[in-house]
Amino acid sequence: MALKDILFFTEDIDFKLKEKAKIRQWIMDTIKAEGFKRVGELSFILCSDAYLLKINKQYLNHDTFTDVVTFDSSEEEEVIAGDIFISVERIAENADKFKVDSRDELHRVIMHGVLHLCGYYDKKPEDKTLMTSKENEYLAKRDF
């Protein structure tokens, strides 16, 4: 697995992601723990609410704000690849709403996107419960 294949970009915002190397390693450790052999190209695009709303409408036909949208581009069963779009504005709002640290909320949403690529869902109540449990498990494993 190559850490260099986990990429971070910004679109439509001025935002500086801290601890990129540690986040990459944490993501890689999660992917390995979930039984995947390697990472293809995995891109995280940190963006505004407006930018993500446009993506949500265009590709998913959803006219709602959201914190994360994940697109899986994996071509092999044991390889993780995709694009994960994250609204930094929504992260800040949700952190206030849930009274959590914005860094923790951002990491939760990063992990949420990764877990979608690992095959977890969140539409049904039981799926959402499992997804939240997995997010909590991997957040607890952060060592930074």
# chains A, B, ... in the order shown; residues from 1 in each chain; ligands from 1

$ select_by_dssp --residues "chain A" --states "strand (DSSP E)" --output "ChimeraX atom specification"
/A:6-11,38-47,68-72,79-87

$ residues_around --residues "range 71-84 of chain A" --least-positions-apart "4" --cutoff "10 Å" --atoms "only C-alpha atoms" --output "compact mmCIF listing (two decimals) with N, CA, C and O atoms, in the first residue's frame"
# COMPACT_ATOMS: atom_id res chain seq x y z
N MET A 1 0.85 -1.19 0.00
CA MET A 1 0.00 0.00 0.00
C MET A 1 0.89 1.24 0.00
O MET A 1 1.86 1.29 0.73
N ASP A 5 -0.68 7.55 -2.56
CA ASP A 5 -1.91 7.43 -3.34
C ASP A 5 -3.13 7.99 -2.62
O ASP A 5 -4.23 7.98 -3.14
N ILE A 6 -2.93 8.47 -1.39
CA ILE A 6 -3.99 9.14 -0.65
C ILE A 6 -3.73 10.64 -0.78
O ILE A 6 -2.75 11.16 -0.25
N LEU A 7 -4.61 11.31 -1.51
CA LEU A 7 -4.40 12.70 -1.90
C LEU A 7 -5.44 13.63 -1.28
O LEU A 7 -6.59 13.23 -1.08
N PHE A 8 -5.03 14.86 -1.03
CA PHE A 8 -5.93 15.87 -0.47
C PHE A 8 -5.93 17.11 -1.36
O PHE A 8 -4.86 17.59 -1.75
N ILE A 31 -7.88 0.78 6.25
CA ILE A 31 -8.12 0.00 5.03
C ILE A 31 -7.54 -1.41 5.18
O ILE A 31 -8.18 -2.39 4.82
N GLY A 35 -9.39 -5.44 5.65
CA GLY A 35 -9.10 -6.58 4.78
C GLY A 35 -8.77 -6.26 3.34
O GLY A 35 -8.72 -7.17 2.51
N PHE A 36 -8.51 -5.01 3.03
CA PHE A 36 -8.17 -4.65 1.66
C PHE A 36 -6.66 -4.73 1.47
O PHE A 36 -5.89 -4.46 2.38
N LYS A 37 -6.25 -5.12 0.27
CA LYS A 37 -4.83 -5.33 -0.02
C LYS A 37 -4.09 -4.03 -0.31
O LYS A 37 -2.93 -3.89 0.02
N ARG A 38 -4.76 -3.08 -1.00
CA ARG A 38 -4.05 -1.85 -1.33
C ARG A 38 -5.01 -0.71 -1.66
O ARG A 38 -6.21 -0.92 -1.82
N VAL A 39 -4.41 0.46 -1.78
CA VAL A 39 -5.14 1.66 -2.17
C VAL A 39 -4.78 1.98 -3.60
O VAL A 39 -3.60 1.99 -3.96
N GLY A 40 -5.80 2.19 -4.42
CA GLY A 40 -5.56 2.76 -5.74
C GLY A 40 -5.41 4.24 -5.49
O GLY A 40 -4.80 4.63 -4.50
N GLU A 41 -5.97 5.08 -6.29
CA GLU A 41 -5.92 6.51 -5.99
C GLU A 41 -7.15 6.88 -5.16
O GLU A 41 -8.28 6.62 -5.55
N LEU A 42 -6.89 7.47 -4.00
CA LEU A 42 -7.95 7.87 -3.09
C LEU A 42 -7.82 9.37 -2.86
O LEU A 42 -6.84 9.83 -2.26
N SER A 43 -8.78 10.13 -3.37
CA SER A 43 -8.72 11.59 -3.29
C SER A 43 -9.78 12.13 -2.36
O SER A 43 -10.96 11.75 -2.45
N PHE A 44 -9.35 13.02 -1.48
CA PHE A 44 -10.25 13.75 -0.60
C PHE A 44 -10.31 15.18 -1.11
O PHE A 44 -9.27 15.84 -1.20
N ILE A 45 -11.50 15.65 -1.43
CA ILE A 45 -11.68 17.00 -1.94
C ILE A 45 -12.45 17.79 -0.89
O ILE A 45 -13.64 17.54 -0.65
N LEU A 46 -11.76 18.70 -0.22
CA LEU A 46 -12.36 19.54 0.82
C LEU A 46 -12.92 20.77 0.11
O LEU A 46 -12.20 21.44 -0.63
N TYR A 59 -24.87 14.53 -9.59
CA TYR A 59 -24.57 13.10 -9.68
C TYR A 59 -25.52 12.20 -8.91
O TYR A 59 -25.67 11.03 -9.26
N VAL A 109 -15.83 12.33 9.49
CA VAL A 109 -16.38 12.36 8.13
C VAL A 109 -15.38 11.76 7.12
O VAL A 109 -15.78 11.06 6.19
N ILE A 110 -14.10 11.99 7.32
CA ILE A 110 -13.08 11.33 6.49
C ILE A 110 -13.26 9.82 6.61
O ILE A 110 -13.32 9.10 5.62
N HIS A 112 -15.90 8.18 7.59
CA HIS A 112 -17.20 7.81 7.03
C HIS A 112 -17.05 7.51 5.53
O HIS A 112 -17.53 6.49 5.04
N GLY A 113 -16.38 8.41 4.83
CA GLY A 113 -16.16 8.21 3.39
C GLY A 113 -15.34 6.96 3.11
O GLY A 113 -15.66 6.18 2.20
N VAL A 114 -14.28 6.75 3.89
CA VAL A 114 -13.45 5.56 3.72
C VAL A 114 -14.28 4.30 3.97
O VAL A 114 -14.20 3.32 3.20
N HIS A 116 -17.47 3.89 3.56
CA HIS A 116 -18.34 3.65 2.40
C HIS A 116 -17.58 2.85 1.34
O HIS A 116 -18.11 1.89 0.78
N LEU A 117 -16.33 3.24 1.09
CA LEU A 117 -15.52 2.53 0.09
C LEU A 117 -15.19 1.11 0.52
O LEU A 117 -14.94 0.24 -0.31
N CYS A 118 -15.22 0.87 1.83
CA CYS A 118 -14.98 -0.48 2.37
C CYS A 118 -16.25 -1.33 2.33
O CYS A 118 -16.22 -2.51 2.71
N GLY A 119 -17.37 -0.75 1.90
CA GLY A 119 -18.60 -1.52 1.75
C GLY A 119 -19.66 -1.29 2.80
O GLY A 119 -20.65 -2.02 2.84

$ select_by_dssp --residues "range 19-96 of chain A" --states "alpha helix (DSSP H)" --output "PyMOL selection string"
chain A and resi 20-33+49-60+88-96

$ residues_around --residues "Phe65 in chain A" --least-positions-apart "4" --cutoff "10 Å" --atoms "only C-alpha atoms" --output "PDB file with all heavy atoms, in the first residue's frame"
ATOM      1  N   ASP A  49     -20.007  24.248   1.022  1.00  0.00           N
ATOM      2  CA  ASP A  49     -21.378  23.712   0.936  1.00  0.00           C
ATOM      3  C   ASP A  49     -21.911  23.826  -0.489  1.00  0.00           C
ATOM      4  O   ASP A  49     -22.505  22.887  -1.017  1.00  0.00           O
ATOM      5  CB  ASP A  49     -22.315  24.503   1.862  1.00  0.00           C
ATOM      6  CG  ASP A  49     -22.431  23.900   3.252  1.00  0.00           C
ATOM      7  OD1 ASP A  49     -21.990  22.758   3.471  1.00  0.00           O
ATOM      8  OD2 ASP A  49     -23.004  24.589   4.128  1.00  0.00           O
ATOM      9  N   ALA A  50     -21.709  24.992  -1.105  1.00  0.00           N
ATOM     10  CA  ALA A  50     -22.239  25.239  -2.454  1.00  0.00           C
ATOM     11  C   ALA A  50     -21.640  24.254  -3.465  1.00  0.00           C
ATOM     12  O   ALA A  50     -22.350  23.705  -4.312  1.00  0.00           O
ATOM     13  CB  ALA A  50     -21.971  26.675  -2.875  1.00  0.00           C
ATOM     14  N   TYR A  51     -20.348  24.028  -3.364  1.00  0.00           N
ATOM     15  CA  TYR A  51     -19.662  23.108  -4.275  1.00  0.00           C
ATOM     16  C   TYR A  51     -20.209  21.692  -4.115  1.00  0.00           C
ATOM     17  O   TYR A  51     -20.510  21.016  -5.091  1.00  0.00           O
ATOM     18  CB  TYR A  51     -18.157  23.133  -4.004  1.00  0.00           C
ATOM     19  CG  TYR A  51     -17.333  22.399  -5.021  1.00  0.00           C
ATOM     20  CD1 TYR A  51     -16.833  23.058  -6.146  1.00  0.00           C
ATOM     21  CD2 TYR A  51     -17.026  21.051  -4.865  1.00  0.00           C
ATOM     22  CE1 TYR A  51     -16.062  22.385  -7.086  1.00  0.00           C
ATOM     23  CE2 TYR A  51     -16.259  20.369  -5.801  1.00  0.00           C
ATOM     24  CZ  TYR A  51     -15.781  21.043  -6.906  1.00  0.00           C
ATOM     25  OH  TYR A  51     -15.029  20.368  -7.837  1.00  0.00           O
ATOM     26  N   LEU A  52     -20.361  21.245  -2.861  1.00  0.00           N
ATOM     27  CA  LEU A  52     -20.847  19.885  -2.612  1.00  0.00           C
ATOM     28  C   LEU A  52     -22.329  19.749  -2.963  1.00  0.00           C
ATOM     29  O   LEU A  52     -22.755  18.697  -3.448  1.00  0.00           O
ATOM     30  CB  LEU A  52     -20.586  19.458  -1.170  1.00  0.00           C
ATOM     31  CG  LEU A  52     -20.767  17.968  -0.884  1.00  0.00           C
ATOM     32  CD1 LEU A  52     -19.993  17.095  -1.870  1.00  0.00           C
ATOM     33  CD2 LEU A  52     -20.348  17.645   0.529  1.00  0.00           C
ATOM     34  N   LEU A  53     -23.107  20.800  -2.767  1.00  0.00           N
ATOM     35  CA  LEU A  53     -24.521  20.766  -3.170  1.00  0.00           C
ATOM     36  C   LEU A  53     -24.631  20.553  -4.681  1.00  0.00           C
ATOM     37  O   LEU A  53     -25.459  19.763  -5.147  1.00  0.00           O
ATOM     38  CB  LEU A  53     -25.230  22.057  -2.757  1.00  0.00           C
ATOM     39  CG  LEU A  53     -26.697  22.164  -3.150  1.00  0.00           C
ATOM     40  CD1 LEU A  53     -27.539  21.050  -2.520  1.00  0.00           C
ATOM     41  CD2 LEU A  53     -27.252  23.535  -2.758  1.00  0.00           C
ATOM     42  N   LYS A  54     -23.779  21.223  -5.427  1.00  0.00           N
ATOM     43  CA  LYS A  54     -23.767  21.075  -6.886  1.00  0.00           C
ATOM     44  C   LYS A  54     -23.446  19.623  -7.277  1.00  0.00           C
ATOM     45  O   LYS A  54     -24.106  19.042  -8.145  1.00  0.00           O
ATOM     46  CB  LYS A  54     -22.735  22.041  -7.477  1.00  0.00           C
ATOM     47  CG  LYS A  54     -22.732  22.137  -8.962  1.00  0.00           C
ATOM     48  CD  LYS A  54     -21.773  23.249  -9.385  1.00  0.00           C
ATOM     49  CE  LYS A  54     -21.360  23.091 -10.820  1.00  0.00           C
ATOM     50  NZ  LYS A  54     -20.346  24.051 -11.227  1.00  0.00           N
ATOM     51  N   ASN A  56     -23.900  16.978  -5.358  1.00  0.00           N
ATOM     52  CA  ASN A  56     -25.023  16.169  -4.868  1.00  0.00           C
ATOM     53  C   ASN A  56     -26.187  16.207  -5.861  1.00  0.00           C
ATOM     54  O   ASN A  56     -26.813  15.179  -6.140  1.00  0.00           O
ATOM     55  CB  ASN A  56     -25.456  16.676  -3.487  1.00  0.00           C
ATOM     56  CG  ASN A  56     -25.947  15.583  -2.579  1.00  0.00           C
ATOM     57  OD1 ASN A  56     -25.849  14.402  -2.880  1.00  0.00           O
ATOM     58  ND2 ASN A  56     -26.485  15.978  -1.443  1.00  0.00           N
ATOM     59  N   LYS A  57     -26.472  17.382  -6.397  1.00  0.00           N
ATOM     60  CA  LYS A  57     -27.561  17.528  -7.380  1.00  0.00           C
ATOM     61  C   LYS A  57     -27.197  16.839  -8.695  1.00  0.00           C
ATOM     62  O   LYS A  57     -27.993  16.077  -9.256  1.00  0.00           O
ATOM     63  CB  LYS A  57     -27.828  19.008  -7.668  1.00  0.00           C
ATOM     64  CG  LYS A  57     -28.561  19.752  -6.578  1.00  0.00           C
ATOM     65  CD  LYS A  57     -28.718  21.211  -7.011  1.00  0.00           C
ATOM     66  CE  LYS A  57     -29.435  22.047  -5.996  1.00  0.00           C
ATOM     67  NZ  LYS A  57     -29.518  23.463  -6.418  1.00  0.00           N
ATOM     68  N   SER A  87     -17.626  18.763   2.748  1.00  0.00           N
ATOM     69  CA  SER A  87     -17.921  20.181   2.953  1.00  0.00           C
ATOM     70  C   SER A  87     -17.336  20.634   4.287  1.00  0.00           C
ATOM     71  O   SER A  87     -17.796  20.215   5.347  1.00  0.00           O
ATOM     72  CB  SER A  87     -19.422  20.441   2.940  1.00  0.00           C
ATOM     73  OG  SER A  87     -19.672  21.755   3.414  1.00  0.00           O
ATOM     74  N   ARG A  90     -19.971  22.451   6.360  1.00  0.00           N
ATOM     75  CA  ARG A  90     -20.902  21.540   7.033  1.00  0.00           C
ATOM     76  C   ARG A  90     -20.226  20.906   8.254  1.00  0.00           C
ATOM     77  O   ARG A  90     -20.865  20.699   9.283  1.00  0.00           O
ATOM     78  CB  ARG A  90     -21.357  20.463   6.030  1.00  0.00           C
ATOM     79  CG  ARG A  90     -22.474  19.600   6.436  1.00  0.00           C
ATOM     80  CD  ARG A  90     -23.841  20.195   6.432  1.00  0.00           C
ATOM     81  NE  ARG A  90     -23.999  21.417   5.699  1.00  0.00           N
ATOM     82  CZ  ARG A  90     -24.864  22.391   6.015  1.00  0.00           C
ATOM     83  NH1 ARG A  90     -25.657  22.257   7.055  1.00  0.00           N
ATOM     84  NH2 ARG A  90     -24.958  23.484   5.316  1.00  0.00           N
TER      85      ARG A  90
END

$ residues_around --residues "Leu115 in chain A" --least-positions-apart "4" --cutoff "9 Å" --atoms "only C-alpha atoms" --output "PyMOL selection string"
chain A and resi 30-31+34+110-111+119-121+131+134-135

$ write_last_selection --atoms "N, CA, C and O atoms" --output "mmCIF file, in the first residue's frame"
data_model
loop_
_atom_site.group_PDB
_atom_site.id
_atom_site.type_symbol
_atom_site.label_atom_id
_atom_site.label_comp_id
_atom_site.auth_asym_id
_atom_site.auth_seq_id
_atom_site.Cartn_x
_atom_site.Cartn_y
_atom_site.Cartn_z
ATOM 1 N N THR A 30 -6.662 1.713 8.619
ATOM 2 C CA THR A 30 -8.081 1.339 8.591
ATOM 3 C C THR A 30 -8.369 0.419 7.421
ATOM 4 O O THR A 30 -9.027 -0.625 7.565
ATOM 5 N N ILE A 31 -7.882 0.783 6.248
ATOM 6 C CA ILE A 31 -8.122 -0.001 5.033
ATOM 7 C C ILE A 31 -7.538 -1.409 5.182
ATOM 8 O O ILE A 31 -8.177 -2.394 4.822
ATOM 9 N N GLU A 34 -9.636 -3.482 7.498
ATOM 10 C CA GLU A 34 -10.884 -3.907 6.854
ATOM 11 C C GLU A 34 -10.654 -4.998 5.807
ATOM 12 O O GLU A 34 -11.583 -5.425 5.135
ATOM 13 N N ILE A 110 -14.096 11.994 7.325
ATOM 14 C CA ILE A 110 -13.082 11.332 6.491
ATOM 15 C C ILE A 110 -13.265 9.817 6.610
ATOM 16 O O ILE A 110 -13.322 9.096 5.617
ATOM 17 N N MET A 111 -13.384 9.335 7.852
ATOM 18 C CA MET A 111 -13.537 7.903 8.084
ATOM 19 C C MET A 111 -14.852 7.392 7.500
ATOM 20 O O MET A 111 -14.907 6.289 6.951
ATOM 21 N N GLY A 119 -17.367 -0.746 1.901
ATOM 22 C CA GLY A 119 -18.600 -1.521 1.747
ATOM 23 C C GLY A 119 -19.661 -1.291 2.802
ATOM 24 O O GLY A 119 -20.654 -2.017 2.844
ATOM 25 N N TYR A 120 -19.492 -0.289 3.646
ATOM 26 C CA TYR A 120 -20.494 0.004 4.666
ATOM 27 C C TYR A 120 -21.503 1.016 4.135
ATOM 28 O O TYR A 120 -21.163 1.889 3.343
ATOM 29 N N TYR A 121 -22.737 0.882 4.601
ATOM 30 C CA TYR A 121 -23.825 1.760 4.169
ATOM 31 C C TYR A 121 -24.421 2.470 5.381
ATOM 32 O O TYR A 121 -24.127 2.120 6.518
ATOM 33 N N MET A 131 -22.302 1.659 10.912
ATOM 34 C CA MET A 131 -21.391 2.675 10.384
ATOM 35 C C MET A 131 -20.862 3.546 11.527
ATOM 36 O O MET A 131 -19.654 3.780 11.632
ATOM 37 N N LYS A 134 -18.361 1.667 13.621
ATOM 38 C CA LYS A 134 -17.072 1.560 12.932
ATOM 39 C C LYS A 134 -16.321 2.894 12.971
ATOM 40 O O LYS A 134 -15.108 2.921 13.178
ATOM 41 N N GLU A 135 -17.046 3.998 12.770
ATOM 42 C CA GLU A 135 -16.415 5.321 12.868
ATOM 43 C C GLU A 135 -15.792 5.495 14.253
ATOM 44 O O GLU A 135 -14.634 5.907 14.368
#

$ decode --residues "range 34-49 of chain A" --atoms "all heavy atoms" --output "PDB file, in the first residue's frame"
ATOM      1  N   GLU A  34      -9.636  -3.482   7.498  1.00  0.00           N
ATOM      2  CA  GLU A  34     -10.884  -3.907   6.854  1.00  0.00           C
ATOM      3  C   GLU A  34     -10.654  -4.998   5.807  1.00  0.00           C
ATOM      4  O   GLU A  34     -11.583  -5.425   5.135  1.00  0.00           O
ATOM      5  CB  GLU A  34     -11.595  -2.699   6.240  1.00  0.00           C
ATOM      6  CG  GLU A  34     -12.232  -1.790   7.282  1.00  0.00           C
ATOM      7  CD  GLU A  34     -13.369  -2.456   8.049  1.00  0.00           C
ATOM      8  OE1 GLU A  34     -14.147  -3.232   7.452  1.00  0.00           O
ATOM      9  OE2 GLU A  34     -13.474  -2.209   9.266  1.00  0.00           O
ATOM     10  N   GLY A  35      -9.388  -5.435   5.646  1.00  0.00           N
ATOM     11  CA  GLY A  35      -9.101  -6.575   4.784  1.00  0.00           C
ATOM     12  C   GLY A  35      -8.771  -6.259   3.342  1.00  0.00           C
ATOM     13  O   GLY A  35      -8.724  -7.171   2.505  1.00  0.00           O
ATOM     14  N   PHE A  36      -8.513  -5.007   3.033  1.00  0.00           N
ATOM     15  CA  PHE A  36      -8.166  -4.655   1.663  1.00  0.00           C
ATOM     16  C   PHE A  36      -6.658  -4.732   1.470  1.00  0.00           C
ATOM     17  O   PHE A  36      -5.886  -4.462   2.384  1.00  0.00           O
ATOM     18  CB  PHE A  36      -8.697  -3.252   1.315  1.00  0.00           C
ATOM     19  CG  PHE A  36     -10.184  -3.239   1.207  1.00  0.00           C
ATOM     20  CD1 PHE A  36     -10.965  -3.055   2.339  1.00  0.00           C
ATOM     21  CD2 PHE A  36     -10.814  -3.457  -0.001  1.00  0.00           C
ATOM     22  CE1 PHE A  36     -12.345  -3.067   2.263  1.00  0.00           C
ATOM     23  CE2 PHE A  36     -12.200  -3.477  -0.090  1.00  0.00           C
ATOM     24  CZ  PHE A  36     -12.967  -3.280   1.046  1.00  0.00           C
ATOM     25  N   LYS A  37      -6.249  -5.116   0.270  1.00  0.00           N
ATOM     26  CA  LYS A  37      -4.828  -5.330  -0.017  1.00  0.00           C
ATOM     27  C   LYS A  37      -4.088  -4.028  -0.315  1.00  0.00           C
ATOM     28  O   LYS A  37      -2.926  -3.886   0.022  1.00  0.00           O
ATOM     29  CB  LYS A  37      -4.672  -6.280  -1.198  1.00  0.00           C
ATOM     30  CG  LYS A  37      -5.171  -7.685  -0.893  1.00  0.00           C
ATOM     31  CD  LYS A  37      -4.139  -8.713  -1.258  1.00  0.00           C
ATOM     32  CE  LYS A  37      -4.595 -10.122  -1.120  1.00  0.00           C
ATOM     33  NZ  LYS A  37      -4.950 -10.563   0.189  1.00  0.00           N
ATOM     34  N   ARG A  38      -4.760  -3.085  -0.998  1.00  0.00           N
ATOM     35  CA  ARG A  38      -4.055  -1.850  -1.329  1.00  0.00           C
ATOM     36  C   ARG A  38      -5.013  -0.713  -1.661  1.00  0.00           C
ATOM     37  O   ARG A  38      -6.211  -0.917  -1.823  1.00  0.00           O
ATOM     38  CB  ARG A  38      -3.064  -2.074  -2.462  1.00  0.00           C
ATOM     39  CG  ARG A  38      -3.667  -2.385  -3.811  1.00  0.00           C
ATOM     40  CD  ARG A  38      -2.567  -2.630  -4.850  1.00  0.00           C
ATOM     41  NE  ARG A  38      -3.145  -2.792  -6.167  1.00  0.00           N
ATOM     42  CZ  ARG A  38      -3.405  -1.783  -6.995  1.00  0.00           C
ATOM     43  NH1 ARG A  38      -3.129  -0.558  -6.658  1.00  0.00           N
ATOM     44  NH2 ARG A  38      -3.948  -2.014  -8.172  1.00  0.00           N
ATOM     45  N   VAL A  39      -4.410   0.456  -1.782  1.00  0.00           N
ATOM     46  CA  VAL A  39      -5.143   1.660  -2.166  1.00  0.00           C
ATOM     47  C   VAL A  39      -4.781   1.975  -3.603  1.00  0.00           C
ATOM     48  O   VAL A  39      -3.600   1.992  -3.963  1.00  0.00           O
ATOM     49  CB  VAL A  39      -4.741   2.863  -1.270  1.00  0.00           C
ATOM     50  CG1 VAL A  39      -5.338   4.151  -1.792  1.00  0.00           C
ATOM     51  CG2 VAL A  39      -5.179   2.628   0.153  1.00  0.00           C
ATOM     52  N   GLY A  40      -5.803   2.193  -4.420  1.00  0.00           N
ATOM     53  CA  GLY A  40      -5.563   2.757  -5.742  1.00  0.00           C
ATOM     54  C   GLY A  40      -5.406   4.241  -5.486  1.00  0.00           C
ATOM     55  O   GLY A  40      -4.797   4.633  -4.495  1.00  0.00           O
ATOM     56  N   GLU A  41      -5.965   5.080  -6.291  1.00  0.00           N
ATOM     57  CA  GLU A  41      -5.924   6.510  -5.991  1.00  0.00           C
ATOM     58  C   GLU A  41      -7.151   6.875  -5.162  1.00  0.00           C
ATOM     59  O   GLU A  41      -8.283   6.623  -5.554  1.00  0.00           O
ATOM     60  CB  GLU A  41      -5.897   7.337  -7.273  1.00  0.00           C
ATOM     61  CG  GLU A  41      -5.611   8.796  -6.995  1.00  0.00           C
ATOM     62  CD  GLU A  41      -5.343   9.582  -8.257  1.00  0.00           C
ATOM     63  OE1 GLU A  41      -4.232   9.443  -8.810  1.00  0.00           O
ATOM     64  OE2 GLU A  41      -6.250  10.314  -8.675  1.00  0.00           O
ATOM     65  N   LEU A  42      -6.891   7.466  -4.003  1.00  0.00           N
ATOM     66  CA  LEU A  42      -7.949   7.872  -3.086  1.00  0.00           C
ATOM     67  C   LEU A  42      -7.820   9.372  -2.858  1.00  0.00           C
ATOM     68  O   LEU A  42      -6.844   9.826  -2.258  1.00  0.00           O
ATOM     69  CB  LEU A  42      -7.826   7.096  -1.770  1.00  0.00           C
ATOM     70  CG  LEU A  42      -8.834   7.382  -0.679  1.00  0.00           C
ATOM     71  CD1 LEU A  42     -10.264   7.222  -1.174  1.00  0.00           C
ATOM     72  CD2 LEU A  42      -8.584   6.467   0.512  1.00  0.00           C
ATOM     73  N   SER A  43      -8.782  10.128  -3.373  1.00  0.00           N
ATOM     74  CA  SER A  43      -8.723  11.589  -3.294  1.00  0.00           C
ATOM     75  C   SER A  43      -9.785  12.133  -2.362  1.00  0.00           C
ATOM     76  O   SER A  43     -10.958  11.747  -2.451  1.00  0.00           O
ATOM     77  CB  SER A  43      -8.936  12.205  -4.679  1.00  0.00           C
ATOM     78  OG  SER A  43      -7.910  11.813  -5.555  1.00  0.00           O
ATOM     79  N   PHE A  44      -9.352  13.025  -1.479  1.00  0.00           N
ATOM     80  CA  PHE A  44     -10.254  13.751  -0.597  1.00  0.00           C
ATOM     81  C   PHE A  44     -10.307  15.182  -1.107  1.00  0.00           C
ATOM     82  O   PHE A  44      -9.265  15.841  -1.204  1.00  0.00           O
ATOM     83  CB  PHE A  44      -9.751  13.724   0.847  1.00  0.00           C
ATOM     84  CG  PHE A  44      -9.825  12.354   1.455  1.00  0.00           C
ATOM     85  CD1 PHE A  44      -8.800  11.443   1.275  1.00  0.00           C
ATOM     86  CD2 PHE A  44     -10.940  11.969   2.191  1.00  0.00           C
ATOM     87  CE1 PHE A  44      -8.870  10.171   1.820  1.00  0.00           C
ATOM     88  CE2 PHE A  44     -11.018  10.703   2.744  1.00  0.00           C
ATOM     89  CZ  PHE A  44      -9.982   9.803   2.552  1.00  0.00           C
ATOM     90  N   ILE A  45     -11.503  15.651  -1.433  1.00  0.00           N
ATOM     91  CA  ILE A  45     -11.684  17.002  -1.936  1.00  0.00           C
ATOM     92  C   ILE A  45     -12.453  17.787  -0.886  1.00  0.00           C
ATOM     93  O   ILE A  45     -13.641  17.535  -0.651  1.00  0.00           O
ATOM     94  CB  ILE A  45     -12.424  17.018  -3.290  1.00  0.00           C
ATOM     95  CG1 ILE A  45     -11.660  16.187  -4.335  1.00  0.00           C
ATOM     96  CG2 ILE A  45     -12.585  18.459  -3.785  1.00  0.00           C
ATOM     97  CD1 ILE A  45     -12.056  14.750  -4.413  1.00  0.00           C
ATOM     98  N   LEU A  46     -11.758  18.703  -0.217  1.00  0.00           N
ATOM     99  CA  LEU A  46     -12.364  19.538   0.816  1.00  0.00           C
ATOM    100  C   LEU A  46     -12.917  20.771   0.113  1.00  0.00           C
ATOM    101  O   LEU A  46     -12.197  21.444  -0.629  1.00  0.00           O
ATOM    102  CB  LEU A  46     -11.319  19.895   1.861  1.00  0.00           C
ATOM    103  CG  LEU A  46     -10.651  18.664   2.491  1.00  0.00           C
ATOM    104  CD1 LEU A  46      -9.402  19.051   3.244  1.00  0.00           C
ATOM    105  CD2 LEU A  46     -11.610  17.928   3.389  1.00  0.00           C
ATOM    106  N   CYS A  47     -14.211  21.054   0.347  1.00  0.00           N
ATOM    107  CA  CYS A  47     -14.884  22.070  -0.441  1.00  0.00           C
ATOM    108  C   CYS A  47     -15.937  22.823   0.378  1.00  0.00           C
ATOM    109  O   CYS A  47     -16.119  22.564   1.563  1.00  0.00           O
ATOM    110  CB  CYS A  47     -15.527  21.424  -1.666  1.00  0.00           C
ATOM    111  SG  CYS A  47     -16.744  20.139  -1.270  1.00  0.00           S
ATOM    112  N   SER A  48     -16.638  23.734  -0.286  1.00  0.00           N
ATOM    113  CA  SER A  48     -17.707  24.518   0.339  1.00  0.00           C
ATOM    114  C   SER A  48     -19.035  23.775   0.260  1.00  0.00           C
ATOM    115  O   SER A  48     -19.184  22.805  -0.497  1.00  0.00           O
ATOM    116  CB  SER A  48     -17.838  25.862  -0.379  1.00  0.00           C
ATOM    117  OG  SER A  48     -18.315  25.648  -1.700  1.00  0.00           O
ATOM    118  N   ASP A  49     -20.007  24.248   1.022  1.00  0.00           N
ATOM    119  CA  ASP A  49     -21.378  23.712   0.936  1.00  0.00           C
ATOM    120  C   ASP A  49     -21.911  23.826  -0.489  1.00  0.00           C
ATOM    121  O   ASP A  49     -22.505  22.887  -1.017  1.00  0.00           O
ATOM    122  CB  ASP A  49     -22.315  24.503   1.862  1.00  0.00           C
ATOM    123  CG  ASP A  49     -22.431  23.900   3.252  1.00  0.00           C
ATOM    124  OD1 ASP A  49     -21.990  22.758   3.471  1.00  0.00           O
ATOM    125  OD2 ASP A  49     -23.004  24.589   4.128  1.00  0.00           O
TER     126      ASP A  49
END
